[in-house]
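All remarks here apply to the structure that follows.
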Amino acid sequence: MAKDTVRRARRRLPLEWLGILPFAIFAVLFLILPTMRIVIGAFQTADGSFTFQNMLDLNTPSIVNAYWTSIKLSLITAGLGCAIGFAMAAAVVFGGLPKGVRSPLLTFSGVASNFAGVPLAFAFIATLGPAGLITIWLRTEFGINLRGMGFNLLSFWGLVITYLFFQIPLMILIIIPALDGLKREWREAAAVLGATGAQYWRMVALPILFPSLLGTFALLFANAFGAVATAFALTGPQLNIVPIKLFAQIRGDVLGNPNLGFALAFGMIVITVIANTIYIVLRVRSERWLK
Amino acid sequence: MSFLTISHLEKAFGSNLVVKDFNLEVAKGEFISLLGPSGCGKTTVLRMVAGFETPTSGSITIGGQEVTGLKANARNIGMMFQAYALFPNLTVADNVAFGLKVKGVPRAERESRVSEMLNLIGLAEMAGRFPFQLSGGQQQRVALARALAPSPRVLLLDEPLSALDAKVRVSLRNEIREIQQRLGITTIFVTHDQEEAMSISDRIVVMNAGIADQVGSPFEIYNRPTTRFVANFVGTLNTFAVKVEDSAAGKVRLGGALLTLPPGLSAGMGAEMAIALRPEALRLGREPGYETVIKGWIEEVHFMGSIIRLRARVAGELVVMDTFNRADQPPPVPGTEVEISLSGKDAIILNG
Amino acid sequence: MTRFFAWFALIFGCLYFLLPLVGMTEFSLKMRRGEYSFDAYRRVFEDQRFWDTFGYSLALSAATIVVGVLLVVPTAYWVRLKLPQARPFVEFVTLLPLVIPAIVLVFGYIRLYNTSSVLPLTGSAFGTDFLLTMGYTTLALPYMYRSVDTGLRTIDVATLTEAAQSLGAGWITILARIILPNVMVAVLSGAFLTLAIVLGEFTMAALLNRPAFGPFMQLLGANRAYEPPALAVIAFAITWGCMGLMQLVTRLSKHERAKA
Ligand SMILES: Nc1ncnc2c1ncn2[C@@H]1O[C@H](COP(=O)(O)OP(=O)(O)OP(=O)(O)O)[C@@H](O)[C@H]1O
Ligand SMILES: [Mg+2]
């Protein structure tokens with residue numbers, strides 16, 4: 001009798017797992033194997049034997065600089081995106097603005113967070129580029145020459161300004177529901193216990209929001225770190241950031257060593273995995289009080 | 001000498017006047033309940049005392065200090081909310097310590113105060129837990145401890161028991177009352193549960209549409225309601241149409257009998273009016289010492305343990321009467337004809 | 001004080017977001033010297049490659065949506081119904097595309113499925129289109145899965161299934177006739193989001209060398225002055241349209257729920 005149930009359970013288990021077989025096959029073929037291929041390739045020579053040389057070869061000024069610029073770009077756009085998006089979301093949720101502002105802002109954020117890539121670059125070229133609306137307006141009306149002041153859209157800071165166009169709305173979309181989740185009672189309880197607004201934010205609201213803030217930051221970081229299209233359409237292949245470098249490598253083996261390409265891509269995986277590990281660890285630690 | 005004085009308090013949201021000329025004097029250590037139907041402005045009054053809403057006009061003073069213009073965090077008030085007001089990211093101990101911490105109380109003092117408070121509410125062993133690990137009743141007790149820890153001048157409670165189940169509600173309300181009396185803290189308690197208000201209050205304010213209809217002890221509110229609203233809202237009423245025979249002597253005619261009402265009759269000779277009797281003022285059977293006996297037919301019998309609630313039809317009207325359970329005397333069954341004794345001295349006069 | 005800050009933050013944000021939109025619109029109208037005209041748009045619409053690439057991307061979006069729905073709906077359903085223990089694995093996989101950059105993934109595809117491999121997908125146009133569709137499906141996976149899973153949470157999967165089984169329905173029937181209609185709103189909003197993502201996608205299409213709308217826009221951008229902002233306006237309108245449809249679907253369904 002008992003034996004029978006065991007046998008039946010054993011037989012049923014794989015059958016039930018069959019239900020997600022198509023999904024598993026898809027995941028293996030188009031997510032896991034391609035990633036493994038990169039990881040393995042990064043430690044292979046051209047004829048397939050194991051080597052660490054590719055890793056060591058990454059240590060050229062150009063590649064190190066590309067990683068450094070990419071990380072900086074991702075950190076800065078994620079940080080600014082979080083800060084500005086948070087300010088705008090807080091303004092709408094707590095700032096006593098008219099109720100009519102909220103829904104258009106959410107709709108617009110939905111659109112803007114998806115308006116990335118090539119057309120976004122065009123929009124900024126038309127606005128802040130050499131012949132852009134603002135550039136020309138500043139020059140003709142105020143005699144201010146942006147270029148002369150050292151501003152160049154096709155540069156690091158130009159890229160920062162452009163990336164913020166999808167980073168900020170993403171933050172707004174994620175954080176507004178989180179801000180809505182802050183109960184009025186918490187703020188009032190803090191106030192009646194004698195806390196100032198700042199003390200309430202420091203001791204209650206921010207710790208509660210921390211997991212969401214952290215998660216959004218990680219998402220924005222990955223979002224910027226892997227973005228190719230905007231940067232490519234904006235600056236062409238010249239800006240030295242990792243995704244652009246990898247793009248050029250895949251197209252034309254500019255590094256002159258296919259396995260160095262694997263190493264470059266592997267580096268990207270390592271960085272996003274590290275970023276996400278930090279995120280998960282911090283999140284687990286900050287969520288002790290959650291169900 | 002009143003400790004908390006609310007005078008001519010009004011609050012309008014836009015053109016909607018929610019609190020109208022509200023006056024109240026609360027003595028030090030007194031437990032006052034605001035009782036009234038949903039939407040009558042109880043919470044609004046409480047929130048003005050706490051400092052979350054600015055009164056449209058009127059003033060609030062606590063211990064001789066005018067606080068009307070003071071911010072909530074400068075009033076030194078304790079408040080307990082309906083539910084879910086504990087800070088979810090802080091442990092029980094940190095929640096209780098919050099008010100002391102923002103005041104800059106040194107750590108050692110803080111800790112001893114926290115353990116004192118947790119002992120007071122009997123949750124000392126839960127100090128390290130987070131709110132989600134507590135039951136609803138435990139959470140509300142921690143909320144009480146948190147409100148009391150900074151030794152507030154006044155304690156405000158806005159329906160703190162309404163999210164709890166019936167049993168916990170009763171035990172916690174007694175606990176609140178006991179702690180309140182032990183600390184001698186002036187308390188305003190908002191509820192729409194009349195039984196709750198009557199069982200724990202020194203005085204009750206019955207509110208109706210933003211107005212304090214009547215202020216008095218539970219006994220006064222129940223037995224001598226001054227308005228028809230209070231009479232109807234608090235407890236159950238049976239109303240009888242009567243005709244005034246002698247207004248100076250308070251004599252009215254109910255059917256064939258003459259009743260003598262308590263003082264306070266204002267209607268003139270020959271006027272038609274209504275008097276009301278509580279369910280327990282009607283006695284089943286022919287009882288000595290009662291002024292009259294009327295006939296009725298039992299329609300429903302609800303056995304509730306120590307009391308039995310009967311519904312009987314008397315002259316076309318349904319009346320409710322309560323009798324005590326007696327083991328030697330089963331209650332009447334529906335359909336039987338019964339005699340009901342009543343007296344004019346138990347009546348509540350419903351003037352308009 | 002707070003309100004002042006609130007207005008400041010809002011106005012600052014609006015300026016930042018509106019200026020590029022104004023900029024691109026204005027620029028796209030400036031093709032004719034000295035006056036505003038729609039010349040740039042006419043040029044774009046007269047370009048056969050615009051229609052070809054747009055049609056291609058549209059077709060691929062449709063394929064992606066179909067594959068995504070076929071993949072996600074049964075899986076999410078099955079995980080809810082029978083395999084809650086598989087949830088961590090499935091959720092991990094659906095979040096992977098947010099962690100692994102698309103460019104890395106497509107690099108892996110190119111190396112894994114090249115002409116000399118066991119599965120030489122990149123050897124033929126059809127094979128490459130298939131590969132690209134799969135790539136797009138991974139991009140859409142996080143959104144599609146979350147949307148559908150949230151949709152499934154609001155219905156009682158187990159009871160519906162048992163009811164259907166007691167009436168003799170098979171798995172295919174249950175999925176197609178019971179579950180899918182119940183999560184239609186979630187599927188549709190996932191679908192419109194997928195459309196918005198896939199239509200303008202650049203990296204994967206460019207690296208797989210397929211004539212999609214994204215690479216076409218990039219090409220035009222490198223060679224022309226006035227058509228790119230016109231394309232940007234068009235792309236923005238398309239994104240707005242997709243998001244608008246997404247909201248419309250959600251709102252309509254809420255109305256229906258309220259009525260029922
Ligand atoms: N912020 C506000 N803006 C506009 N109207 C309000 C606001 N707060 C309360 N009101 C209105 O004021 C009236 C009184 O509300 P209040 O919350 O004081 O009632 P309450 O007696 O506490 O009722 P309940 O028993 O349901 O809690 C209600 O009609 C309510 O709609
Ligand atoms: Mg209330």
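Ligands are numbered from 1 in the order shown, chains are lettered A, B, ... in the order of the structure tokens, and residues start at 1 in each chain.
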Quick one: which residues from chain B are at most 6 Å off chain A, using only C-alpha atoms, as an NGL selection string? :B and (72-73 or 85 or 89 or 99 or 102 or 130)
Residues just named, written with C-alpha atoms as a PDB file, in the first residue's frame:
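So the final result, stored in out_27.pdb, reads:
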```
ATOM      1  CA  ALA B  72       1.123  67.896  15.932  1.00  0.00           C
ATOM      2  CA  ASN B  73       4.697  67.104  16.920  1.00  0.00           C
ATOM      3  CA  ALA B  85      -0.163  52.161  12.530  1.00  0.00           C
ATOM      4  CA  ASN B  89      10.316  48.258   9.852  1.00  0.00           C
ATOM      5  CA  GLY B  99       8.784  58.830  20.785  1.00  0.00           C
ATOM      6  CA  VAL B 102      13.044  61.571  18.643  1.00  0.00           C
ATOM      7  CA  PHE B 130       8.376  42.790  14.140  1.00  0.00           C
TER       8      PHE B 130
END
```
Quick one: residues within 7 Å of ligand 2, with only C-alpha atoms and all ligand atoms, as JSON, numbers by chain? {"B": [38, 39, 42, 43, 158]}
Write out, as a tab-separated table (two decimals), in the first residue's frame, the residues just selected, with N, CA, C and O atoms.
```tsv
chain	number	residue	atom	x	y	z
B	38	SER	N	-21.55	56.77	11.89
B	38	SER	CA	-20.46	56.99	10.94
B	38	SER	C	-20.64	58.32	10.22
B	38	SER	O	-21.73	58.67	9.81
B	39	GLY	N	-19.53	59.06	10.12
B	39	GLY	CA	-19.57	60.31	9.38
B	39	GLY	C	-20.04	61.49	10.19
B	39	GLY	O	-20.23	62.58	9.63
B	42	LYS	N	-16.63	62.50	14.51
B	42	LYS	CA	-15.83	62.11	15.68
B	42	LYS	C	-14.34	62.17	15.38
B	42	LYS	O	-13.56	62.78	16.12
B	43	THR	N	-13.96	61.51	14.28
B	43	THR	CA	-12.55	61.47	13.93
B	43	THR	C	-12.02	62.87	13.69
B	43	THR	O	-10.91	63.21	14.08
B	158	ASP	N	-8.65	56.45	18.37
B	158	ASP	CA	-9.67	56.49	17.31
B	158	ASP	C	-10.07	55.08	16.92
B	158	ASP	O	-9.40	54.44	16.12
```
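Counting only C-alpha atoms and all ligand atoms, the residue from B:Val92, B:Val67, B:Leu157, B:Met117 that sits nearest to ligand 1 is B:Leu157.
With only C-alpha atoms and all ligand atoms as the atoms that count, the minimum distance from ligand 1 to the choices B:Glu337, B:Glu25, B:Glu159, B:Glu300 is reached by B:Glu159.
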Excluding Arg47 of chain B and residues on its chain fewer than 5 positions from it, collect all residues at most 12 Å away from it, counting only C-alpha atoms, and give them as a short mmCIF file (atom, residue, chain, number, x, y, z; two decimals) with all heavy atoms, in the first residue's frame.
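File part31.cif, as written:
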```cif
data_model
loop_
_atom_site.label_atom_id
_atom_site.label_comp_id
_atom_site.auth_asym_id
_atom_site.auth_seq_id
_atom_site.Cartn_x
_atom_site.Cartn_y
_atom_site.Cartn_z
N GLU A 185 -1.20 56.71 8.45
CA GLU A 185 -1.09 56.51 9.89
C GLU A 185 0.37 56.55 10.36
O GLU A 185 0.64 57.01 11.46
CB GLU A 185 -1.70 55.16 10.30
CG GLU A 185 -3.20 55.15 10.38
CD GLU A 185 -3.83 54.79 9.05
OE1 GLU A 185 -3.10 54.79 8.03
OE2 GLU A 185 -5.04 54.52 9.02
N GLU A 188 1.40 60.13 10.63
CA GLU A 188 0.72 60.81 11.71
C GLU A 188 1.18 60.28 13.07
O GLU A 188 1.34 61.04 14.02
CB GLU A 188 -0.79 60.65 11.54
CG GLU A 188 -1.28 61.44 10.35
CD GLU A 188 -2.78 61.32 10.13
OE1 GLU A 188 -3.41 60.45 10.74
OE2 GLU A 188 -3.30 62.11 9.34
N ALA A 189 1.39 58.95 13.13
CA ALA A 189 1.87 58.39 14.39
C ALA A 189 3.23 58.99 14.73
O ALA A 189 3.50 59.35 15.88
CB ALA A 189 1.96 56.87 14.29
N VAL A 192 2.75 62.64 15.91
CA VAL A 192 2.14 62.80 17.22
C VAL A 192 3.12 62.34 18.32
O VAL A 192 3.05 62.78 19.46
CB VAL A 192 0.79 62.06 17.26
CG1 VAL A 192 0.95 60.63 17.68
CG2 VAL A 192 -0.20 62.77 18.15
N LYS B 11 -15.25 72.90 12.06
CA LYS B 11 -14.39 72.48 10.95
C LYS B 11 -15.22 72.34 9.68
O LYS B 11 -16.26 71.66 9.68
CB LYS B 11 -13.73 71.13 11.26
CG LYS B 11 -12.87 70.58 10.13
CD LYS B 11 -11.61 71.42 9.91
CE LYS B 11 -10.87 71.01 8.66
NZ LYS B 11 -9.66 71.82 8.44
N VAL B 19 -17.95 69.76 11.65
CA VAL B 19 -18.05 69.90 13.11
C VAL B 19 -18.60 71.28 13.39
O VAL B 19 -18.10 72.27 12.86
CB VAL B 19 -16.67 69.73 13.77
CG1 VAL B 19 -16.76 70.00 15.26
CG2 VAL B 19 -16.13 68.33 13.52
N GLY B 41 -18.42 63.11 12.48
CA GLY B 41 -17.35 64.07 12.78
C GLY B 41 -16.49 63.72 13.99
O GLY B 41 -15.68 64.52 14.42
N LYS B 42 -16.63 62.50 14.51
CA LYS B 42 -15.83 62.11 15.68
C LYS B 42 -14.34 62.17 15.38
O LYS B 42 -13.56 62.78 16.12
CB LYS B 42 -16.19 60.67 16.11
CG LYS B 42 -17.65 60.41 16.31
CD LYS B 42 -17.93 58.96 16.64
CE LYS B 42 -17.57 57.97 15.56
NZ LYS B 42 -18.51 57.88 14.45
N PHE B 52 -3.74 67.28 13.43
CA PHE B 52 -3.66 66.87 12.03
C PHE B 52 -4.57 67.71 11.14
O PHE B 52 -4.40 67.75 9.93
CB PHE B 52 -4.04 65.40 11.85
CG PHE B 52 -3.16 64.47 12.62
CD1 PHE B 52 -3.68 63.37 13.26
CD2 PHE B 52 -1.79 64.69 12.69
CE1 PHE B 52 -2.87 62.51 13.97
CE2 PHE B 52 -0.97 63.83 13.40
CZ PHE B 52 -1.52 62.74 14.05
N GLU B 53 -5.60 68.29 11.74
CA GLU B 53 -6.49 69.16 10.98
C GLU B 53 -6.50 70.51 11.68
O GLU B 53 -6.45 70.58 12.90
CB GLU B 53 -7.93 68.61 10.95
CG GLU B 53 -8.09 67.20 10.44
CD GLU B 53 -8.08 67.10 8.93
OE1 GLU B 53 -7.90 68.14 8.24
OE2 GLU B 53 -8.26 65.97 8.43
N THR B 54 -6.55 71.57 10.90
CA THR B 54 -6.63 72.90 11.47
C THR B 54 -8.10 73.28 11.61
O THR B 54 -8.84 73.21 10.63
CB THR B 54 -5.94 73.92 10.55
OG1 THR B 54 -4.74 73.32 10.06
CG2 THR B 54 -5.60 75.19 11.30
N PRO B 55 -8.53 73.68 12.81
CA PRO B 55 -9.93 74.07 12.96
C PRO B 55 -10.25 75.29 12.11
O PRO B 55 -9.39 76.16 11.92
CB PRO B 55 -10.05 74.40 14.45
CG PRO B 55 -8.85 73.82 15.10
CD PRO B 55 -7.78 73.77 14.07
N ILE B 60 -8.59 75.10 21.29
CA ILE B 60 -8.32 73.91 22.09
C ILE B 60 -7.22 74.27 23.08
O ILE B 60 -6.17 74.79 22.67
CB ILE B 60 -7.84 72.75 21.20
CG1 ILE B 60 -8.89 72.43 20.12
CG2 ILE B 60 -7.53 71.52 22.03
CD1 ILE B 60 -8.37 71.56 19.01
N THR B 68 -4.10 75.38 19.77
CA THR B 68 -4.79 75.38 18.48
C THR B 68 -3.84 75.58 17.30
O THR B 68 -3.97 74.95 16.26
CB THR B 68 -5.88 76.47 18.46
OG1 THR B 68 -6.49 76.50 19.73
CG2 THR B 68 -6.90 76.19 17.38
N LYS B 71 1.83 72.69 15.99
CA LYS B 71 1.92 71.51 15.13
C LYS B 71 1.74 70.23 15.94
O LYS B 71 1.98 70.23 17.15
CB LYS B 71 3.30 71.47 14.47
CG LYS B 71 3.43 72.37 13.26
CD LYS B 71 4.74 72.04 12.57
CE LYS B 71 4.85 72.79 11.26
NZ LYS B 71 6.17 72.61 10.66
N ALA B 72 1.39 69.16 15.24
CA ALA B 72 1.12 67.90 15.93
C ALA B 72 2.33 67.45 16.75
O ALA B 72 2.18 66.95 17.87
CB ALA B 72 0.74 66.82 14.93
N ILE B 77 1.08 64.67 22.75
CA ILE B 77 -0.17 63.92 22.83
C ILE B 77 0.14 62.49 22.42
O ILE B 77 1.03 62.25 21.62
CB ILE B 77 -1.21 64.56 21.88
CG1 ILE B 77 -1.83 65.78 22.57
CG2 ILE B 77 -2.27 63.57 21.47
CD1 ILE B 77 -2.79 66.53 21.71
N GLY B 78 -0.59 61.54 22.99
CA GLY B 78 -0.44 60.15 22.55
C GLY B 78 -1.65 59.80 21.71
O GLY B 78 -2.76 60.24 22.00
N MET B 79 -1.42 59.02 20.64
CA MET B 79 -2.58 58.66 19.84
C MET B 79 -2.47 57.22 19.38
O MET B 79 -1.41 56.72 19.07
CB MET B 79 -2.67 59.59 18.62
CG MET B 79 -3.87 59.28 17.75
SD MET B 79 -4.48 60.75 16.93
CE MET B 79 -5.80 60.06 15.97
N MET B 80 -3.62 56.59 19.33
CA MET B 80 -3.71 55.21 18.89
C MET B 80 -4.71 55.17 17.75
O MET B 80 -5.80 55.72 17.86
CB MET B 80 -4.22 54.38 20.05
CG MET B 80 -3.78 52.97 20.07
SD MET B 80 -4.33 52.26 21.61
CE MET B 80 -4.72 50.64 21.04
N PHE B 81 -4.32 54.53 16.65
CA PHE B 81 -5.16 54.54 15.46
C PHE B 81 -5.96 53.24 15.35
O PHE B 81 -5.75 52.30 16.11
CB PHE B 81 -4.30 54.72 14.21
CG PHE B 81 -3.55 56.01 14.19
CD1 PHE B 81 -2.35 56.15 14.87
CD2 PHE B 81 -4.04 57.09 13.49
CE1 PHE B 81 -1.66 57.35 14.86
CE2 PHE B 81 -3.35 58.29 13.47
CZ PHE B 81 -2.16 58.42 14.16
N LEU B 156 -5.34 59.98 22.87
CA LEU B 156 -6.46 59.96 21.93
C LEU B 156 -6.54 58.58 21.30
O LEU B 156 -5.54 58.04 20.84
CB LEU B 156 -6.25 61.02 20.83
CG LEU B 156 -5.97 62.45 21.30
CD1 LEU B 156 -5.70 63.35 20.10
CD2 LEU B 156 -7.15 62.98 22.10
N LEU B 157 -7.73 58.03 21.24
CA LEU B 157 -7.90 56.69 20.67
C LEU B 157 -9.00 56.74 19.63
O LEU B 157 -10.14 57.07 19.95
CB LEU B 157 -8.29 55.70 21.77
CG LEU B 157 -7.41 55.70 23.01
CD1 LEU B 157 -8.20 55.33 24.24
CD2 LEU B 157 -6.25 54.75 22.83
N ASP B 158 -8.65 56.45 18.37
CA ASP B 158 -9.67 56.49 17.31
C ASP B 158 -10.07 55.08 16.92
O ASP B 158 -9.40 54.44 16.12
CB ASP B 158 -9.13 57.26 16.10
CG ASP B 158 -10.23 57.53 15.09
OD1 ASP B 158 -11.37 57.08 15.33
OD2 ASP B 158 -9.95 58.20 14.08
N ILE B 188 -9.44 60.64 25.41
CA ILE B 188 -10.63 60.74 24.55
C ILE B 188 -10.65 59.52 23.64
O ILE B 188 -9.66 59.22 22.97
CB ILE B 188 -10.63 62.02 23.69
CG1 ILE B 188 -10.52 63.26 24.57
CG2 ILE B 188 -11.92 62.09 22.87
CD1 ILE B 188 -10.59 64.55 23.79
N PHE B 189 -11.78 58.87 23.64
CA PHE B 189 -11.91 57.58 22.96
C PHE B 189 -13.04 57.71 21.94
O PHE B 189 -14.15 58.10 22.30
CB PHE B 189 -12.24 56.54 24.03
CG PHE B 189 -12.43 55.13 23.56
CD1 PHE B 189 -11.35 54.26 23.47
CD2 PHE B 189 -13.68 54.65 23.22
CE1 PHE B 189 -11.53 52.95 23.07
CE2 PHE B 189 -13.86 53.34 22.81
CZ PHE B 189 -12.78 52.49 22.73
N VAL B 190 -12.75 57.41 20.69
CA VAL B 190 -13.77 57.51 19.66
C VAL B 190 -14.30 56.12 19.33
O VAL B 190 -13.52 55.18 19.17
CB VAL B 190 -13.20 58.16 18.39
CG1 VAL B 190 -14.11 57.91 17.21
CG2 VAL B 190 -13.01 59.64 18.58
#
```
Pick out each residue of segment 24-126 of chain A that DSSP on the backbone tags as helix (DSSP H, G or I); I need them as number ranges by chain. A: 24-41, 53-57, 61-94, 99-114, 118-126
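For the atom pair formed by atom CA of Leu56 of chain A and atom CA of Gly261 of chain A, the distance is 12.8 Å, given to one decimal.
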Members of segment 131-293 of chain B assigned strand (DSSP E) by DSSP, as a PDB file with C-alpha atoms, in the first residue's frame:
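Written out: states-v3.pdb:
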```
ATOM      1  CA  VAL B 154      -3.621  63.463  26.645  1.00  0.00           C
ATOM      2  CA  LEU B 155      -4.320  60.097  25.067  1.00  0.00           C
ATOM      3  CA  LEU B 156      -6.457  59.963  21.928  1.00  0.00           C
ATOM      4  CA  LEU B 157      -7.896  56.693  20.669  1.00  0.00           C
ATOM      5  CA  ASP B 158      -9.666  56.492  17.308  1.00  0.00           C
ATOM      6  CA  THR B 186      -6.803  62.151  30.348  1.00  0.00           C
ATOM      7  CA  THR B 187      -8.294  60.188  27.477  1.00  0.00           C
ATOM      8  CA  ILE B 188     -10.630  60.743  24.553  1.00  0.00           C
ATOM      9  CA  PHE B 189     -11.907  57.582  22.957  1.00  0.00           C
ATOM     10  CA  VAL B 190     -13.774  57.511  19.664  1.00  0.00           C
ATOM     11  CA  THR B 191     -16.171  54.705  18.916  1.00  0.00           C
ATOM     12  CA  ARG B 203     -18.619  60.454  30.392  1.00  0.00           C
ATOM     13  CA  ILE B 204     -19.937  60.086  26.876  1.00  0.00           C
ATOM     14  CA  VAL B 205     -20.393  62.722  24.204  1.00  0.00           C
ATOM     15  CA  VAL B 206     -23.081  61.655  21.750  1.00  0.00           C
ATOM     16  CA  MET B 207     -22.467  63.340  18.432  1.00  0.00           C
ATOM     17  CA  ASN B 208     -24.882  63.820  15.608  1.00  0.00           C
ATOM     18  CA  ILE B 211     -22.950  68.577  16.925  1.00  0.00           C
ATOM     19  CA  ALA B 212     -22.465  67.329  20.475  1.00  0.00           C
ATOM     20  CA  ASP B 213     -26.063  66.360  21.200  1.00  0.00           C
ATOM     21  CA  GLN B 214     -25.591  65.348  24.804  1.00  0.00           C
ATOM     22  CA  VAL B 215     -22.731  65.032  27.244  1.00  0.00           C
ATOM     23  CA  GLY B 216     -23.165  62.925  30.328  1.00  0.00           C
ATOM     24  CA  ASN B 238     -40.204  51.120  22.347  1.00  0.00           C
ATOM     25  CA  THR B 239     -42.308  54.159  21.582  1.00  0.00           C
ATOM     26  CA  PHE B 240     -45.934  54.558  22.579  1.00  0.00           C
ATOM     27  CA  ALA B 241     -48.353  57.249  21.430  1.00  0.00           C
ATOM     28  CA  VAL B 242     -50.002  58.943  24.430  1.00  0.00           C
ATOM     29  CA  LYS B 243     -52.295  61.876  25.053  1.00  0.00           C
ATOM     30  CA  VAL B 244     -51.472  64.525  27.701  1.00  0.00           C
ATOM     31  CA  GLU B 245     -54.089  64.724  30.449  1.00  0.00           C
ATOM     32  CA  ASP B 246     -52.406  66.997  32.943  1.00  0.00           C
ATOM     33  CA  LYS B 251     -50.062  62.608  33.565  1.00  0.00           C
ATOM     34  CA  VAL B 252     -50.691  61.052  30.167  1.00  0.00           C
ATOM     35  CA  ARG B 253     -53.193  58.526  28.891  1.00  0.00           C
ATOM     36  CA  LEU B 254     -52.045  55.296  27.242  1.00  0.00           C
ATOM     37  CA  ALA B 257     -54.557  53.720  31.741  1.00  0.00           C
ATOM     38  CA  LEU B 258     -53.225  56.893  33.218  1.00  0.00           C
ATOM     39  CA  LEU B 259     -49.419  57.092  33.535  1.00  0.00           C
ATOM     40  CA  THR B 260     -47.378  59.467  35.624  1.00  0.00           C
ATOM     41  CA  GLU B 272     -50.650  63.889  21.267  1.00  0.00           C
ATOM     42  CA  MET B 273     -47.073  62.869  21.996  1.00  0.00           C
ATOM     43  CA  ALA B 274     -44.744  59.894  22.252  1.00  0.00           C
ATOM     44  CA  ILE B 275     -43.084  58.306  25.218  1.00  0.00           C
ATOM     45  CA  ALA B 276     -40.441  55.614  25.067  1.00  0.00           C
ATOM     46  CA  LEU B 277     -39.634  52.659  27.265  1.00  0.00           C
ATOM     47  CA  ARG B 283     -42.230  43.276  32.427  1.00  0.00           C
ATOM     48  CA  LEU B 284     -43.763  40.058  31.339  1.00  0.00           C
ATOM     49  CA  THR B 292     -50.755  49.418  33.991  1.00  0.00           C
ATOM     50  CA  VAL B 293     -50.943  46.145  32.158  1.00  0.00           C
TER      51      VAL B 293
END
```
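Across B:Gly104, B:Gly29, B:Gly36, B:Gly296, the tightest approach to ligand 1 is made by B:Gly36 when counting only C-alpha atoms and all ligand atoms.
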Please identify all polymer residues within 9 Å of Ala281 of chain B, counting only C-alpha atoms, omitting same-chain residues fewer than 2 positions from it, and present them as a PyMOL selection string. chain B and resi 277-279+283+321-322+341-343+346-347
Skipping near chain neighbours, those fewer than 3 positions away, what residues fall within 10 Å of Glu91 of chain C using only C-alpha atoms, listed as a PyMOL selection string? chain C and resi 76+86-88+94-96+142+145-146
May I have the residues within 8 Å of segment 221-234 of chain A as a VMD selection string, using only C-alpha atoms and disregarding those fewer than 2 positions away in the same chain? (chain A and resid 70 to 71 73 to 75 77 to 78 116 to 122 125 154 159 163 217 to 219 236 to 237 239 243 to 244 247 272) or (chain C and resid 98 to 103 201 to 203 218 221 to 222)
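The neighbours of Ser306 of chain B here are the residues that come within 10 Å of it, using only C-alpha atoms and leaving out any residue fewer than 4 positions away in the same chain; they are Thr323, Phe324, Asn325 and Arg326 of chain B.
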Take the selection from the previous step and output its residues with all heavy atoms, as a short mmCIF file (atom, residue, chain, number, x, y, z; two decimals), in the first residue's frame.
```cif
data_model
loop_
_atom_site.label_atom_id
_atom_site.label_comp_id
_atom_site.auth_asym_id
_atom_site.auth_seq_id
_atom_site.Cartn_x
_atom_site.Cartn_y
_atom_site.Cartn_z
N THR B 323 -36.27 39.98 29.43
CA THR B 323 -36.51 39.42 30.76
C THR B 323 -35.32 38.57 31.14
O THR B 323 -34.61 38.08 30.26
CB THR B 323 -37.76 38.52 30.79
OG1 THR B 323 -37.52 37.39 29.95
CG2 THR B 323 -38.99 39.24 30.30
N PHE B 324 -35.10 38.42 32.44
CA PHE B 324 -34.00 37.56 32.87
C PHE B 324 -34.38 36.10 32.70
O PHE B 324 -35.54 35.73 32.85
CB PHE B 324 -33.66 37.83 34.34
CG PHE B 324 -32.87 39.09 34.52
CD1 PHE B 324 -33.43 40.20 35.12
CD2 PHE B 324 -31.57 39.16 34.03
CE1 PHE B 324 -32.70 41.36 35.27
CE2 PHE B 324 -30.84 40.33 34.17
CZ PHE B 324 -31.40 41.42 34.79
N ASN B 325 -33.40 35.33 32.42
CA ASN B 325 -33.62 33.89 32.33
C ASN B 325 -33.85 33.34 33.73
O ASN B 325 -33.22 33.75 34.69
CB ASN B 325 -32.37 33.24 31.70
CG ASN B 325 -32.43 31.74 31.79
OD1 ASN B 325 -33.45 31.15 31.47
ND2 ASN B 325 -31.34 31.15 32.25
N ARG B 326 -34.83 32.43 33.83
CA ARG B 326 -35.03 31.72 35.09
C ARG B 326 -35.19 30.26 34.78
O ARG B 326 -36.00 29.87 33.96
CB ARG B 326 -36.26 32.25 35.81
CG ARG B 326 -36.00 33.60 36.48
CD ARG B 326 -37.27 34.16 37.05
NE ARG B 326 -37.93 33.19 37.93
CZ ARG B 326 -39.08 33.46 38.56
NH1 ARG B 326 -39.68 34.63 38.38
NH2 ARG B 326 -39.63 32.57 39.34
#
```
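Proximity of C:Pro228, C:Pro181, C:Gly190, C:Gly108 to Pro34 of chain A, computed with only C-alpha atoms, is greatest for C:Gly108.
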